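**Student:** Here's a structure for you.
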Amino acid sequence: MTKLVYIDTNVYLDLLIGRHSGLMPNDEIARNILNRALKCEFHIIICDFLLMEIENHAKKETVDSAFKSLIKADKVLFEAVTSEDKRKAHLLSKNAPFGDCVHFVIAERCGAEYLVTNDKHFDKLKNKVKIIKPNLL
């Protein structure tokens, strides 16, 4: 079975907004991750909550364009956030922000091997999903 990867909102925003962090070209690293998915190295899990967060910071047309090739190539597993996911995220939100907990719960439920993020809040959420920085994937 193909490896599943969940990519946090901040990584997509690095690409869509063209963000850098010091000397780190975050936008290029994010582009490389998506290109690796297109080359069949792994599939990406996305959810409605993730898309909503991205669209709060980037134009819908830009977001649609970014995901178009991945969807067309059948490299995306789309999941809707359920009430049970929200309940679990709420329980975890004592340790990290609720939104991060939603991402973590979806990644875990879908069997992601990695949750790719630059966000330190995920360090407090440990389980079956490995938390990894984008440049280390």
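Chains: A, B, ... in order of the structure tokens. Residues: from 1 per chain. Ligands: from 1, in order shown.
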Per residue of region 75-122 of chain A within 8 Å of region 19-43 of chain A, record the nearest atom pair and its distance in Å to one decimal, counting only C-alpha atoms, with rows in chain order and ascending residue number, as CSV.
**Tutor:**
```
residue,atom,partner,partner_atom,distance
A:Lys75,CA,A:His43,CA,4.8
A:Val76,CA,A:His43,CA,5.7
A:Leu77,CA,A:His43,CA,7.1
```
**Student:** Please identify all polymer residues within 8 Å of region 6-18 of chain A, counting only C-alpha atoms, omitting same-chain residues fewer than 4 positions from it, and present them as number ranges by chain.
**Tutor:** A: 26-28, 30-31, 44-46, 50, 53-54, 57-58, 62-63, 66, 103, 107, 112, 114-119, 134
**Student:** Taking the chain letters and numbering used in this document, name the residues of chain A that DSSP puts in helix (DSSP H, G or I), as a ChimeraX atom specification.
**Tutor:** /A:9-17,26-38,48-55,60-72,83-92,98-109,120-124,134-136
**Student:** What residues in chain A get the DSSP label strand (DSSP E)? Please answer as JSON, numbers by chain.
**Tutor:** {"A": [4, 5, 6, 7, 43, 44, 45, 46, 47, 76, 77, 78, 79, 114, 115, 116, 130, 131, 132]}
**Student:** For CA of Asp48 (chain A) and CA of Glu108 (chain A), quote the distance in Å rounded to one decimal.
**Tutor:**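 For CA of Asp48 (chain A) relative to CA of Glu108 (chain A), the distance reads 15.8 Å.
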**Student:** Here is a test: counting only C-alpha atoms, which residue of A:Asp123, A:Leu51, A:Ser93, A:Ser83 is nearest to Phe67 (chain A)?
**Tutor:**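 Of all the options, A:Leu51 lies closest to Phe67 (chain A).
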**Student:** Show me, as a list in words, the residues that have an atom within 8 Å of Ile106 (chain A) when counting only C-alpha atoms, minus same-chain residues fewer than 3 positions from it.
**Tutor:**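 My list of contacting residues is Cys47, Glu79, Val81, Asp85, Val102, His103, Arg109 and Cys110 of chain A.
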**Student:** Write the residues of the selection above to a file with C-alpha atoms, as a tab-separated table (two decimals), in the first residue's frame.
**Tutor:**
```
chain	number	residue	atom	x	y	z
A	47	CYS	CA	-9.75	17.32	4.82
A	79	GLU	CA	-11.67	13.11	4.29
A	81	VAL	CA	-14.11	15.88	9.59
A	85	ASP	CA	-13.09	13.65	15.08
A	102	VAL	CA	-8.22	18.22	14.33
A	103	HIS	CA	-5.34	17.72	11.89
A	109	ARG	CA	-7.71	8.04	11.71
A	110	CYS	CA	-6.55	7.77	8.10
```
**Student:** Can you measure CA of Lys88 (chain A) to CA of His121 (chain A) for me? One decimal in Å is fine.
**Tutor:**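 If I compute the distance from CA of Lys88 (chain A) to CA of His121 (chain A), I get 16.4 Å.
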**Student:** With only C-alpha atoms as the basis for distance, which of A:Lys120, A:Gly99, A:Lys3, A:Ile71 is at the shortest distance from Ile132 (chain A)?
**Tutor:** A:Lys120
**Student:** With distances taken over only C-alpha atoms, which of A:Lys59, A:Asp74, A:Ser65, A:Leu125 is nearest to Ala89 (chain A)?
**Tutor:**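 Counting only C-alpha atoms, the residue closest to Ala89 (chain A) is A:Leu125.
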**Student:** Ranking A:Ala80, A:Val129, A:Thr2, A:Phe49 by minimum distance to Phe98 (chain A) and counting only C-alpha atoms, which one comes first?
**Tutor:**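 Among the listed residues, A:Phe49 lies closest to Phe98 (chain A).
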